[in-house]
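**Q** Take this structure first; my questions come after.
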Amino acid sequence: MKKNMLTVLLCMILMVIFSSCSEDTEPYTSVLGEVDPPPVAVAAQVAPPAQAEEQPLIEHLIITQRDMPLVLQPPRARYTSEKELTEYPTLEIEPNIFFETNAAIRSTILAESGILYFGNEYNEFYALDVNTSQVLWTFSTDEAVQTRPVLENGKIIFNAGNSLYILDAVTGEEIHIIRYPSNYDIRMSHDSTAFNDSHVAVSDGIAYFVALNGNFVAVDILSGEIAWTIETSTRRLVVSGVKYYDGKLFYVLSPGILFAVDIQTRQVLFETHIGGMPFNPMTIYDGRIYIGGRNRKFYCIDASTGEVIWRSHSQDTMTWFSGGSVIIGNNVFATTSDEDAIIAFDKGTGEFQRIYSILSFGYTPPLRHGNNVVVASTNIRAAMIGNRVSPERSIPRSYVMAIDTEHHTKLWIAPLDDTVLSPPTIYQDVLYFGSDSGVIYSIDLLLR
């Protein structure tokens, strides 16, 4: 009997010792009431992971959610409860059919020197005369083209999947095709979470893009050779495109990590953990980066240090900043998807200004035309293959509209029985955008 009692007592002592030595597993909860990663010192070096082969190639500044001061107190109600635009326009217009292809168009249309450049989902890349809509040339690619082309010294440069294409802008002849040897070929659009690939950036004769495995690739445009790469320790998709600004390249990986790379030293300067899968393109203006994601937050980040200047926050769990933003005056206008709206924040302080209904999901960047915002929205459910929705909710329906930001009214609206996931572009006061029916539409903005 005494032996049994001693055994029980010994077990109890061991349990107490084990409990006191165990690590605290409670998650860190930020001031926003959300679970964030454990705190990481702002200037700390990256701790090596367990496996040596996964160690980061270089040490750099890491900023996590814990390190971000919440400058702006979050509103306690969803944005649509305040200052919503309720006045709708009387002017309803019908866009012109500028050109038709045989496949969906989801790439950005580049308009330069009287030519429209774009790609489609049938692996075709086009050059059109902007005055006559005649085809100047076409080029066959390995994959669907969903990116934004760049014109550089008489060359058209764009990426599709793991390949970079460099073509003669006048003739369409192949100059170089660089196929990066990535072991990963799943595109973001395959799982219906985004509809445009990461796009290329060009500076000083080098084209920069990110392969589908998350590796950063620099290509010499003249020779077509890979100049250098930065490998990621884990396979992550780039969801924001590559952006060049002030000697640095910026891109965002799918978990919501913003990277800054110095193009001279070829080193990562900082990574800012913002979370929320921000697959929309970032806007860089006056040394600040503006970007949002699926975590209900919109960020203003210092482009030199990676520190968050301000971040907004919606209590509505369905506020997804999905389409990008544009700066007009003192405000930044950011499109949302599930709130079917474009939201204006003070670009300096992040203070919420006003919300404008855009009638459907905003998945493409807004544009500036004078003091007006031009924006497209679309019924995204109609574009999601295999999504189980009711028939009436799967009907393609899109809206293109212009909003007067001074008087807070819609100037005109163009409804379409089509899906618009091609980011619009403006050239000589004419708006161009593609659609899933394979049509490029045009709207003369001076006549509105």
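Lettering and numbering for the structure tokens are positional, with chains as A, B, ... in the shown order, residues counted from 1 in each chain, and ligands counted from 1 in the shown order.
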Would you kindly return, as a ChimeraX atom specification, each protein, DNA or RNA residue with an atom no farther than 10 Å from any atom of Asp204 of chain A, considering only C-alpha atoms and excluding same-chain residues fewer than 2 positions away?

**A** /A:152,202,206-207,220-221

**Q** Near Pro255 of chain A, counting only C-alpha atoms, which residues have an atom at most 7 Å away, once you skip same-chain residues fewer than 3 positions from it, shown as JSON, numbers by chain?

**A** {"A": [275, 276, 277]}

**Q** Would you export the selected residues with N, CA and C atoms as a PDB file, in the first residue's frame, please?

**A**
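Writing done, so here's selection05.pdb:
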ATOM      1  N   GLY A 275       0.523  39.535 -44.238  1.00  0.00           N
ATOM      2  CA  GLY A 275      -0.515  38.506 -44.216  1.00  0.00           C
ATOM      3  C   GLY A 275      -1.629  38.770 -45.206  1.00  0.00           C
ATOM      4  N   GLY A 276      -2.607  37.899 -45.220  1.00  0.00           N
ATOM      5  CA  GLY A 276      -3.841  38.149 -45.945  1.00  0.00           C
ATOM      6  C   GLY A 276      -3.808  37.905 -47.433  1.00  0.00           C
ATOM      7  N   MET A 277      -2.780  37.227 -47.976  1.00  0.00           N
ATOM      8  CA  MET A 277      -2.705  36.934 -49.392  1.00  0.00           C
ATOM      9  C   MET A 277      -3.025  38.159 -50.256  1.00  0.00           C
TER      10      MET A 277
END

**Q** Give me, please, the distance in Å between atom CA of Leu212 of chain A and atom CA of Gly434 of chain A, quoted to one decimal.

**A**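 Calculated distance between atom CA of Leu212 of chain A and atom CA of Gly434 of chain A is 24.4 Å.
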
**Q** With a distance cut-off of 9 Å and only C-alpha atoms, select the neighbouring residues of Asp142 of chain A, excluding the residue or stretch itself and same-chain residues fewer than 4 positions from it, and output the selection as a list in words.

**A** Asn123, Glu124, Ala160, Gly161 and Ser163 of chain A

**Q** Would you pick out the contacts of Ser377 of chain A at 6 Å or less, using only C-alpha atoms, so that residues sharing its chain but fewer than 5 positions from it are not included, and give the list as a list in words?

**A**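 The filter keeps Ser360, Phe361, Gly362, Ser398 and Tyr399 of chain A.
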
**Q** Next, the residues of the selection above should be written as an mmCIF file, in the first residue's frame with N, CA and C atoms.

**A**
data_model
loop_
_atom_site.group_PDB
_atom_site.id
_atom_site.type_symbol
_atom_site.label_atom_id
_atom_site.label_comp_id
_atom_site.auth_asym_id
_atom_site.auth_seq_id
_atom_site.Cartn_x
_atom_site.Cartn_y
_atom_site.Cartn_z
ATOM 1 N N SER A 360 -20.291 45.293 -57.977
ATOM 2 C CA SER A 360 -19.868 43.901 -58.026
ATOM 3 C C SER A 360 -18.424 43.803 -57.534
ATOM 4 N N PHE A 361 -17.791 42.666 -57.732
ATOM 5 C CA PHE A 361 -16.455 42.407 -57.212
ATOM 6 C C PHE A 361 -15.411 43.245 -57.944
ATOM 7 N N GLY A 362 -14.569 43.934 -57.186
ATOM 8 C CA GLY A 362 -13.495 44.714 -57.784
ATOM 9 C C GLY A 362 -12.191 43.935 -57.791
ATOM 10 N N SER A 398 -20.771 42.447 -65.651
ATOM 11 C CA SER A 398 -19.717 43.366 -65.255
ATOM 12 C C SER A 398 -20.192 44.805 -65.399
ATOM 13 N N TYR A 399 -19.467 45.694 -64.730
ATOM 14 C CA TYR A 399 -19.774 47.120 -64.798
ATOM 15 C C TYR A 399 -18.459 47.887 -64.914
#

**Q** What is the atom CA of Asn280 of chain A to atom CA of Gly293 of chain A distance in Å?

**A**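 A separation of 7.3 Å between them.
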
**Q** For Val252 of chain A, which residue among A:Ile93, A:Ile230, A:Val210, A:Leu411 is the nearest when counting only C-alpha atoms?

**A** A:Val210

**Q** Pick out the residues sitting within 6 Å of Thr108 of chain A, and hand them over as a list in words; count only C-alpha atoms, and ignore anything fewer than 5 positions along from it in its own chain.

**A**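 My reading of the contact set: Arg148, Ser422 and Pro423 of chain A.
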
**Q** Can you tell me, as a list in words, what residues are no more than 9 Å from Pro366 of chain A when counting only C-alpha atoms, ignoring any on the same chain fewer than 6 positions away?

**A**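 Contacts, with the query itself left out: Gly323, Gly324, Ser325, Val326, Phe333, Ala334, Thr335, Ile342, Val373, Val374, Val375, Ala376, Pro423 and Pro424 of chain A.
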
**Q** Kindly save the residues from that selection, with C-alpha atoms included, as a short mmCIF file (atom, residue, chain, number, x, y, z; two decimals), in the first residue's frame.

**A**
data_model
loop_
_atom_site.label_atom_id
_atom_site.label_comp_id
_atom_site.auth_asym_id
_atom_site.auth_seq_id
_atom_site.Cartn_x
_atom_site.Cartn_y
_atom_site.Cartn_z
CA GLY A 323 -7.94 44.85 -57.07
CA GLY A 324 -5.28 47.46 -56.37
CA SER A 325 -5.38 51.19 -55.78
CA VAL A 326 -4.81 54.62 -57.31
CA PHE A 333 -8.70 54.70 -53.64
CA ALA A 334 -8.64 50.93 -53.08
CA THR A 335 -10.99 48.40 -54.66
CA ILE A 342 -13.99 51.25 -53.80
CA VAL A 373 -11.66 57.20 -60.88
CA VAL A 374 -12.35 54.72 -63.66
CA VAL A 375 -12.98 51.23 -62.33
CA ALA A 376 -14.35 47.85 -63.46
CA PRO A 423 -7.07 45.41 -66.01
CA PRO A 424 -8.27 48.45 -68.02
#

**Q** Using DSSP on the backbone coordinates, identify all residues within segment 138-277 of chain A classified as helix (DSSP H, G or I); present the result as a ChimeraX atom specification.

**A** /A:188-191

**Q** From a DSSP pass on the backbone, collect the residues of segment 253-361 of chain A flagged as strand (DSSP E or B) and hand them back as a ChimeraX atom specification.

**A** /A:253,257-262,267-273,283-285,288-292,297-302,308-313,321-328,331-336,341-346,352-357,361
